[in-house]
Amino acid sequence: MTIEKEVIESIKAGVDLAAVVRSRGIELKKNGKGYFGLCPFHEDTNPSLSVNPTKNLWQCFGCGAAGDVIRFVELFD
C-alpha cells in the first residue's frame, strides 16, 4: 500500500512536534523561537536537541540526527 505524498505532508504539518518529543519523556526548554532538550539518540549531557516548531523539524547538534516528526518517531520507537 502506498500513501500519497500529500497525505504524508498533511500529517507532518498537522502534528505538534514539540508535543511528540515531550510525549517521549524529553524535557524541552524554550530558547528563542525554538526548544532545546537532551537528545535521546546518544549520551547527551548538554541539551543539543533543537526543535523548530515553525518548520516542524528537529536536529541534534551533538550526533547530527535530524528530520521531521516521522523520522523522530522512527528513530525513537
# chains A, B, ... in the order shown; residues from 1 in each chain; ligands from 1

$ select_by_dssp --residues "chain A" --states "strand (DSSP E or B)" --output "ChimeraX atom specification"
/A:29-31,34-37,49-52,57-60,66-67

$ residues_around --residues "Ala65 of chain A" --least-positions-apart "4" --cutoff "10 Å" --atoms "only C-alpha atoms" --output "PyMOL selection string"
chain A and resi 39+41-42+49+58-61+71-72+75

$ write_last_selection --atoms "C-alpha atoms" --output "compact mmCIF listing (two decimals), in the first residue's frame"
# COMPACT_ATOMS: atom_id res chain seq x y z
CA CYS A 39 18.96 14.12 22.66
CA PHE A 41 19.83 9.19 20.38
CA HIS A 42 23.21 9.50 22.12
CA LEU A 49 18.45 18.56 20.55
CA TRP A 58 14.36 18.77 14.76
CA GLN A 59 18.14 18.44 14.78
CA CYS A 60 20.76 17.27 17.24
CA PHE A 61 23.93 19.34 17.19
CA ARG A 71 11.81 10.43 11.35
CA PHE A 72 11.82 11.21 15.08
CA LEU A 75 14.33 6.53 15.39

$ residues_around --residues "Ile70 of chain A" --least-positions-apart "6" --cutoff "12 Å" --atoms "only C-alpha atoms" --output "MDAnalysis selection string"
chainID A and resid 8:17 20:21 56:58 76:77

$ residues_around --residues "segment 26-36 of chain A" --least-positions-apart "4" --cutoff "9 Å" --atoms "only C-alpha atoms" --output "PyMOL selection string"
chain A and resi 18+21-22+40+47-54

$ closest_residue --among "A:Asp44, A:Val73, A:Leu38, A:Ala66" --to "Ser23 of chain A" --atoms "only C-alpha atoms"
A:Val73

$ select_by_dssp --residues "chain A" --states "helix (DSSP H, G or I)" --output "PyMOL selection string"
chain A and resi 5-14+17-23+69-76

$ closest_residue --among "A:Lys5, A:Glu74, A:Cys63, A:Ala19" --to "Glu43 of chain A" --atoms "only C-alpha atoms"
A:Cys63
